[in-house]
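Quick notes on the structure that follows.
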Amino acid sequence: MRRVLFGCVIAGCAFAQSPFIYNRSVLNAASYIPPTLPGGAIAQGSIFSIFGSGLGPATGVQVSSFPLNTTLAGTSITVTQGSTTVNAIPIYVSVTQINAIMPSNAPLGVAVVRVITGNPPQSNPMRVNIVTTAFGIFTATGTGLGPGILQNFISGTNEPINSPTIAATPGQIMVLWGTGLGPVAADNVAPTAGNLPTQVAISVGGVPATNILYSGRTPCCSGVDQIVFSVPNNAPLGCWVPVYIQTAGSVVSNVVTMAITPNGSSCLTSASPFAGAGNFGAFVSLRVTTHEDIGTLSAVDVVGDYTGAIAYKAPASNFPFNPVLSLPPSGTCTAYSVKGDLLGGDALPGAVPAGGTGLTLGSAFTLSGPGGMQMIPNFLNTNPIQYLGGSISSNLFPSSLFLNPGSYNLSSLTGGTIGSFSVTGTMPQPLTWTNRSSIFTVSRSQPLNVTWSGGSGTQVFVVGFGVDLPTNSTSVFGCLASVGATSFTVPAVFLSNFPATRANPLQSKSVVYLGNAPNALSAPALNASGLNSGYAAFQFATGKTVFFQ
């Protein structure tokens with residue numbers, strides 16, 4: 001017996017590990033919206049993903065023919081609510097991930113999902129909220145962010161996937177792929193073509209797509225939906241035009257992007273210098289002023305000066321999307337809902353491209369300006385953000401602010417992966433947020449209007465964060481106002497997947513910012529040997545804590 005046990009320890013017996021589902025890791029297989037957020041429920045008849053350990057065989061197994069079964073490679077999934085239990089239909093199983101179809105007859109409301117692999121018999125239970133519809137759009141990045149899986153319909157035999165190099169044109173017919181439109185009669189056989197009764201609305205760059213030709217299952221694939229529509233003739237142009245689906249009048253999908261140009265040509269030449277394969281780098285020096293009046297005895301203004309950098313070698317890709325750098329067209333918004341605390345140091349998926357490698361810009365840097373010079377160590381190897389100084393109103397401690405308006409020079413002392421460089425830029429005068437004092441409670445079902453003055457004629461961004469610490473989830477919207485604008489209204493749809501601010505302010509981070517938008521095309525270029533493209537930006541952001549309800 002000892003020899004048998006010792007052999008199991010050395011070889012790793014297949015049945016030695018119980019299947020285990022990670023906390024809050026039952027997600028829509030397309031959007032990956034955290035399950036505790038409004039759009040993160042699992043629709044009847046949709047494909048969902050389970051992440052964990054010991055969930056299936058070491059080599060992933062995928063179904064290849066109909067009819068589908070409730071067991072695949074020895075793995076099955078139960079969905080239980082009270083005395084009712086149904087079996088999900090696995091379509092892919094591996095050690096760490098399962099993709100399965102939530103049966104169309106699954107009970108609505110909160111249920112429990114378990115994975116069964118035979119020995120040990122079953123996993124820990126994981127709560128899931130089952131609804132009639134909650135749509136997710138598949139993305140080229142596989143993260144729920146960035147370029148959506150949309151095809152430019154040219155003919156029945158010519159339907160290329162939309163990308164920055166194969167853009168759509170205004171009026172073109174598109175085929176969008178996703179999951180979560182709603183239940184059907186049978187999930188285990190090839191779907192029947194036909195529109196489902198779920199109400200569907202489509203927005204392309206903030207413009208409704210009124211010509212919807214089809215919204216139903218794809219005949220090829222159980223659980224997979226197609227929505228066929230025409231690009232609005234007045235949709236904005238660009239590489240990263242935001243697209244989302246709203247079902248049943250209120251449930252909002254993940255926001256993805258598509259490329260639109262007047263004639264279908266590539267948009268990369270005008271999109272960003274951060275496009276294609278190569279070495280890229282950016283430095284951002286930022287002053288953040290936050291008016292904090294929620295959860296405090298009295299209102300205070302907290303000001304911080306920071307400098308940060310990102311540098312990486314990007315692999316060749318047809319979808320060179322970066323959630324930080326790939327901005328929507330002027331006058332539009334985008335939104336992300338992800339796992340983690342984006343205000344606490346967590347990064348958006350894809351901020352460093354998959355397959356990319358980090359670069360070293362230098363051993364140290366100097367930043368010189370009206371307030372003198374600061375020596376900055378190579379923070380890229382430890383933390384991509386370096387604190388330069390700050391202040392708190394009411395003279396709680398002496399001010400150490402550094403990034404006052406004026407001219408600055410950023411220089412590297414010695415080269416790293418790339419050569420040394422020196423670049424000069426200007427920190428602009430901040431704008432004045434004119435209706436800041438009137439914004440306290442923000443309804444997630446109503447538009448949010450922000451007004452300002454000043455800003456030296458720069459393009460202005462409006463960004464909002466909602467972080468729910470107990471569930472480790474964040475939603476963020478980002479909008480670009482048109483050049484010269486003095487107001488912007490954030491549509492309510494971009495707030496719909498935000499978590500509500502909790503009564504205990506220590507459990508939430510809820511804040512709205514506005515400031516001058518980064519512009520990689522007009523910012524001072526970061527010229528260095530070994531660097532294909534780069535820039536240095538100097539920005540300000542004015543923020544206010546809010547209460548999302």
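Note on naming: chains are A, B, ... as they come in the structure tokens, residues start from 1 per chain, ligands start from 1 in the order shown.
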Spatial neighbours of A:Gly45, 7 Å, only C-alpha atoms, chain gap at least 5 places, as a list in words: Ile101, Met102, Pro103, Ser104, Gly180, Gly182, Pro183, Val184, Asp187 and Gly223 of chain A
Near A:Pro121, counting only C-alpha atoms, which residues have an atom at most 9 Å away, once you skip same-chain residues fewer than 6 positions from it, shown as a ChimeraX atom specification? /A:18-19,115
Using the chain letters and numbers from this document, which residues of stretch 171-371 of chain A does DSSP assign to strand (DSSP E), as a PyMOL selection string? chain A and resi 173-179+200-204+207-208+212-218+221-230+238-247+251-252+256-260+278-292+300-314+333-339+357-358+364-369
Could you give me the residues within stretch 109-355 of chain A that DSSP places in helix (DSSP H, G or I), as a PDB file with C-alpha atoms, in the first residue's frame?
ATOM      1  CA  LEU A 268      -4.093  51.981 -38.563  1.00  0.00           C
ATOM      2  CA  THR A 269      -2.170  54.869 -40.073  1.00  0.00           C
ATOM      3  CA  SER A 270      -4.409  57.337 -38.247  1.00  0.00           C
ATOM      4  CA  ALA A 271      -5.310  55.247 -35.197  1.00  0.00           C
TER       5      ALA A 271
END
Of the listed residues A:Val204, A:Cys479, A:Val467, A:Phe488, that which approaches A:Asp346 most closely, counting only C-alpha atoms: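 Looking only at the distances to A:Asp346, the closest residue turns out to be A:Val467.
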Under the rule that only C-alpha atoms are counted, which of A:Ile202, A:Ala30, A:Leu359, A:Val463 is the nearest residue to A:Ala248?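 For A:Ala248, the nearest of the candidates is A:Ile202.
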